[in-house]
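Undergrad: Shown below is the structure under consideration.
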Amino acid sequence: MKQLRVGVHYEPSNIDPHLGAAELALQMTNGVFDTLVNKTTDGEYLPGLAESFQISEDQCSYIFTLRRDVLFHDGTAFTAHAVQASFERARDPASKSQLAGSLLGSYRSCHIINDYCLEILLDKPYALFLDALSQAWLAPMSVKAMQENGPGFMRHPVGTGPFIFDRWEAGNCLVIRRNPAYAWAPPVVKNQETAHLDEIVFKFIADDKKRSEAFEKNEVDLIFAANPGDAAPLRARQDTDVTVWPIRGVPVCLMLNIKRTPTDSLAVRQALSHAINRDALVTEVFKGEFTRAYGPVSQFTLGYEPGVETFYPYDPDKAVTLLEQDGWIMQADGRRYKNSVPLEVIFYALPVNFYPEFGDIITRELAPLGITVKVELCSPPAWIQAGMQGLHNMIPQGKYASSSQLLGFVYHSRNSGAGGYGWSKRGPEDYPEIDTLIEQSDTCIDKAGYVPLFNKVQLAVMQAALAVPLHCNANIVAARTTVSGLTFDAIGAYPLFHDTTIQKSEG
């Protein structure tokens with residue numbers, strides 16, 4: 001049997017749906033699903049379960065013509081009814097599918113024209129709609145399975161993909177196996193037939209050290225999200241390939257709350273941007289494995305604006321000048337004050353994702369400049385609420401995306417309210433050109449239309465110092481040299497196992 005054993009960090013039941021870590025759940029089940037359309041890294045949309053699509057002139061109607069030869073893993077036919085039911089499930093609050101529901105954007109309804117043709121109506125143009133449909137979060141699922149399993153469906157998902165969900169052993173592993181009937185592979189992979197692997201076993205190993213040890217002991221063939229500190233020793237092994245796969249989108253940035261003192265001052269935000277040695281931080285924390293970020297879009301992402309690289313070089317002297325010009329004066333106790341108020345920033349962090357290390361380094365770097373950093377380590381719900389309610393001065397945030405279009409989700413003022421992820425907390429009266437540019441992009445489906453607009457958004461975000469970019473997201477994959485053909489989707493976060501092969505060695 002060609003079995004691939006993969007060591008992963010999280011078990012799906014232990015993942016908070018709000019966090020970036022939730023993306024890791026899809027690493028295990030991505031192969032179970034196919035999507036209506038497929039997106040390439042250069043922003044083109046290719047057929048998937050939909051053979052073709054038409055968009056109305058007002059961009060509020062999408063008509064999809066579906067393949068007629070596709071079966072779900074339970075033997076039921078893939079039809080327009082399954083697409084409609086899947087969308088309604090994603091939108092239904094009872095399903096708790098918050099991410100999938102949000103991806104639907106301005107979705108209004110789905111009308112079935114016939115079994116293999118449907119029309120989707122939007123309340124207003126939504127340029128990211130096709131992008132959303134290219135992600136497995138909105139992949140069509142079996143109507144029969146949804147009806148029979150109800151709320152427990154996602155513990156036994158039934159899709160149309162190259163692998164069939166087999167079992168989930170709590171605390172141990174999740175297993176998917178080859179779909180012998182698969183004959184509708186997407187054009188983004190080479191293998192157009194059934195998968196080469198018979199079975200993939202995802203073993204839950206939360207501890208980074210133990211995950212690396214499991215690899216070294218030949219208990220797994222591949223590990224996702226390897227610890228950066230383990231990458232060099234693993235790379236030195238003759239039987240191992242270590243690859244750093246860039247994850248596209250919004251890099252991890254320190255979002256600066258412009259509605260809370262002292263980061264309500266542009267001078268203070270600019271001073272913080274100059275005072276943090278981001279090259280040194282990334283080297284210290286990630287041992288040179290991750291790439292330093294320069295702007296609100298990672299440099300691996302479609303639509304990246306290189307002009308952001310000229311902003312805020314590491315310059316503590318410049319930071320001091322800006323602070324003094326803004327009235328923050330150093331006192332005998334080694335702290336800066338303005339109107340008798342000390343210069344203090346509150347940094348909200350989770351106890352994971354290297355956020356505590358970020359807090360320690362930033363506290364250390366800012367102290368000689370007279371800036372006090374108060375690090376608040378908190379639970380995921382408290383962290384989310386801090387960002388949404390604006391309790392922070394600084395808070396790390398990053399988002400996975402295939403292009404710069406996701407900037408609107410983070411930086412448009414409509415998302416800065418109590419329930420949004422605009423954690424700079426910018427209002428419509430603050431730097432209004434950012435909203436104007438993003439709104440102009442709302443009807444730009446083609447990259448030729450939206451890339452120039454988001455280039456300008458990136459520059460405007462940096463000019464306003466709404467965030468301090470730290471590092472680009474990445475996935476360190478360590479694999480035996482007997483494993484080949486692993487690729488990732490347009491986002492770079494979710495593996496495609498269609499082309500993956502393994503040659504088992506003795507012992």
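In the structure tokens, chains take the letters A, B, ... in the order shown, each chain's residues start at 1, and ligands count up from 1 in the order shown.
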Hey, which bits of region 187-222 of chain A sit within 12 Å of region 350-372 of chain A, and for each residue what's the closest pair of atoms and how far apart in Å (one decimal), counting only C-alpha atoms, rows by chain and increasing number, as JSON lines?
TA:
{"residue": "A:Ala206", "atom": "CA", "partner": "A:Val352", "partner_atom": "CA", "distance": 11.5}
{"residue": "A:Asp207", "atom": "CA", "partner": "A:Val352", "partner_atom": "CA", "distance": 11.6}
{"residue": "A:Asp208", "atom": "CA", "partner": "A:Val352", "partner_atom": "CA", "distance": 11.7}
Undergrad: Now that the selection is made, can you save its residues with N, CA, C and O atoms as an mmCIF file, in the first residue's frame?
TA:
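Result file again08.cif:
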data_model
loop_
_atom_site.group_PDB
_atom_site.id
_atom_site.type_symbol
_atom_site.label_atom_id
_atom_site.label_comp_id
_atom_site.auth_asym_id
_atom_site.auth_seq_id
_atom_site.Cartn_x
_atom_site.Cartn_y
_atom_site.Cartn_z
ATOM 1 N N ALA A 206 1.072 17.836 18.439
ATOM 2 C CA ALA A 206 1.025 19.274 18.704
ATOM 3 C C ALA A 206 2.391 19.859 19.036
ATOM 4 O O ALA A 206 2.712 20.985 18.632
ATOM 5 N N ASP A 207 3.208 19.116 19.755
ATOM 6 C CA ASP A 207 4.511 19.623 20.199
ATOM 7 C C ASP A 207 5.503 19.630 19.030
ATOM 8 O O ASP A 207 5.711 18.607 18.369
ATOM 9 N N ASP A 208 6.113 20.791 18.786
ATOM 10 C CA ASP A 208 7.040 20.923 17.658
ATOM 11 C C ASP A 208 8.195 19.937 17.749
ATOM 12 O O ASP A 208 8.586 19.303 16.757
#
Undergrad: Please identify the helix (DSSP H, G or I) residues within region 295-459 of chain A (assignment by DSSP from backbone atoms) and present them as a VMD selection string.
TA: chain A and resid 306 to 310 316 to 325 355 to 369 380 to 389 404 to 411 413 to 415 433 to 441 447 to 459
Undergrad: Considering only C-alpha atoms, return as number ranges by chain whatever protein or nucleic-acid residues lie within 7 Å of region 133-149 of chain A, sequence-local ones (same chain, fewer than 4 positions apart) excluded.
TA: A: 30, 33-39, 72, 82-83, 85-86, 100, 129, 153, 158-159
Undergrad: Those residues you just picked out, can you put them in a file as a compact mmCIF listing (two decimals), in the first residue's frame with N, CA and C atoms?
TA:
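Final output, again.txt:
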# COMPACT_ATOMS: atom_id res chain seq x y z
N ASN A 30 -8.58 18.97 2.51
CA ASN A 30 -8.64 19.62 1.20
C ASN A 30 -8.80 18.61 0.08
N PHE A 33 -12.33 17.37 -1.30
CA PHE A 33 -13.24 18.25 -2.04
C PHE A 33 -12.68 18.69 -3.39
N ASP A 34 -13.59 19.04 -4.28
CA ASP A 34 -13.29 19.79 -5.50
C ASP A 34 -14.07 21.09 -5.42
N THR A 35 -13.63 22.08 -6.17
CA THR A 35 -14.30 23.38 -6.15
C THR A 35 -14.92 23.70 -7.50
N LEU A 36 -15.84 24.64 -7.52
CA LEU A 36 -16.52 24.99 -8.77
C LEU A 36 -15.55 25.53 -9.80
N VAL A 37 -14.61 26.37 -9.35
CA VAL A 37 -13.58 26.92 -10.23
C VAL A 37 -12.23 26.75 -9.55
N ASN A 38 -11.16 26.90 -10.32
CA ASN A 38 -9.80 26.81 -9.78
C ASN A 38 -9.06 28.09 -10.12
N LYS A 39 -8.24 28.54 -9.18
CA LYS A 39 -7.49 29.77 -9.39
C LYS A 39 -6.00 29.46 -9.46
N PHE A 72 -20.39 12.10 -5.99
CA PHE A 72 -19.92 12.25 -4.63
C PHE A 72 -19.41 10.91 -4.13
N ALA A 82 -26.87 20.18 -5.22
CA ALA A 82 -25.82 20.07 -4.21
C ALA A 82 -25.13 21.42 -4.00
N VAL A 83 -24.93 22.17 -5.07
CA VAL A 83 -24.33 23.49 -4.95
C VAL A 83 -25.23 24.40 -4.13
N ALA A 85 -27.57 23.57 -1.94
CA ALA A 85 -27.64 23.12 -0.55
C ALA A 85 -26.36 23.47 0.21
N SER A 86 -25.22 23.37 -0.46
CA SER A 86 -23.94 23.68 0.19
C SER A 86 -23.83 25.15 0.53
N ALA A 100 -16.81 30.12 5.99
CA ALA A 100 -17.47 29.87 4.72
C ALA A 100 -18.57 30.89 4.47
N PHE A 129 -15.86 37.02 -5.45
CA PHE A 129 -16.77 35.87 -5.44
C PHE A 129 -16.14 34.64 -6.08
N PHE A 153 -21.88 16.55 10.24
CA PHE A 153 -21.39 16.32 8.88
C PHE A 153 -19.89 16.52 8.77
N VAL A 158 -18.35 14.52 3.06
CA VAL A 158 -18.50 13.77 1.80
C VAL A 158 -18.44 14.77 0.65
N GLY A 159 -17.35 14.70 -0.12
CA GLY A 159 -17.18 15.58 -1.27
C GLY A 159 -17.01 14.79 -2.54
Undergrad: Could you give me, as a PyMOL selection string, each residue of region 345-439 of chain A that DSSP assigns to strand (DSSP E or B) when run on this structure's backbone?
TA: chain A and resi 345-349+372-377+394-400+403
Undergrad: Go through A:Gly161, A:Gly288, A:Pro262, A:Gly390 and flag the residue nearest Asn179 (chain A), using only C-alpha atoms for the distances.
TA: A:Gly161
Undergrad: Find the residues near region 101-114 of chain A: any atom within 6 Å, counting only C-alpha atoms, skip ones fewer than 4 places away on the same chain, and give them as a tab-separated table (two decimals) with C-alpha atoms, in the first residue's frame.
TA:
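Generated output (out.tsv):
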chain	number	residue	atom	x	y	z
A	84	GLN	CA	-27.48	25.22	-3.73
A	90	ALA	CA	-22.57	27.78	4.65
A	91	ARG	CA	-24.87	30.77	5.13
A	97	SER	CA	-19.61	27.89	9.33
A	118	LEU	CA	-27.64	27.28	-11.91
A	119	GLU	CA	-27.73	31.02	-11.39
A	120	ILE	CA	-26.26	32.71	-8.32
A	121	LEU	CA	-27.54	36.18	-7.48
A	122	LEU	CA	-25.64	38.78	-5.46
A	123	ASP	CA	-27.07	41.86	-3.77
A	132	ALA	CA	-14.18	32.44	-2.75
Undergrad: Per residue of region 251-347 of chain A within 10 Å of region 423-426 of chain A, what are the shortest atom pair and its distance in Å to one decimal, counting only C-alpha atoms, with rows by chain and residue number, as a tab-separated table?
TA:
residue	atom	partner	partner_atom	distance
A:Leu254	CA	A:Ser424	CA	9.2
A:Met255	CA	A:Ser424	CA	5.5
A:Leu256	CA	A:Ser424	CA	5.2
A:Asn257	CA	A:Ser424	CA	4.5
A:Ile258	CA	A:Ser424	CA	6.0
A:Lys259	CA	A:Lys425	CA	6.4
A:Arg260	CA	A:Lys425	CA	9.1
A:Thr263	CA	A:Ser424	CA	9.8
A:Asp264	CA	A:Ser424	CA	10.0
Undergrad: Check the smallest atom-to-atom distance from each of A:Ala50, A:Ile205, A:Leu470, A:Met154 to Val282 (chain A) using only C-alpha atoms, then report the winner.
TA: A:Leu470
Undergrad: Have a look at A:Arg235, A:Arg5, A:Lys456, A:His392 and name the one nearest to Arg211 (chain A); count only C-alpha atoms.
TA: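 Ranking A:Arg235, A:Arg5, A:Lys456, A:His392 by distance to Arg211 (chain A), first place goes to A:Arg5.
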Undergrad: Record the distance separating CA of Pro180 (chain A) and CA of Ala478 (chain A), expressed in Å with one decimal.
TA: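 Going from CA of Pro180 (chain A) over to CA of Ala478 (chain A) covers 28.3 Å.
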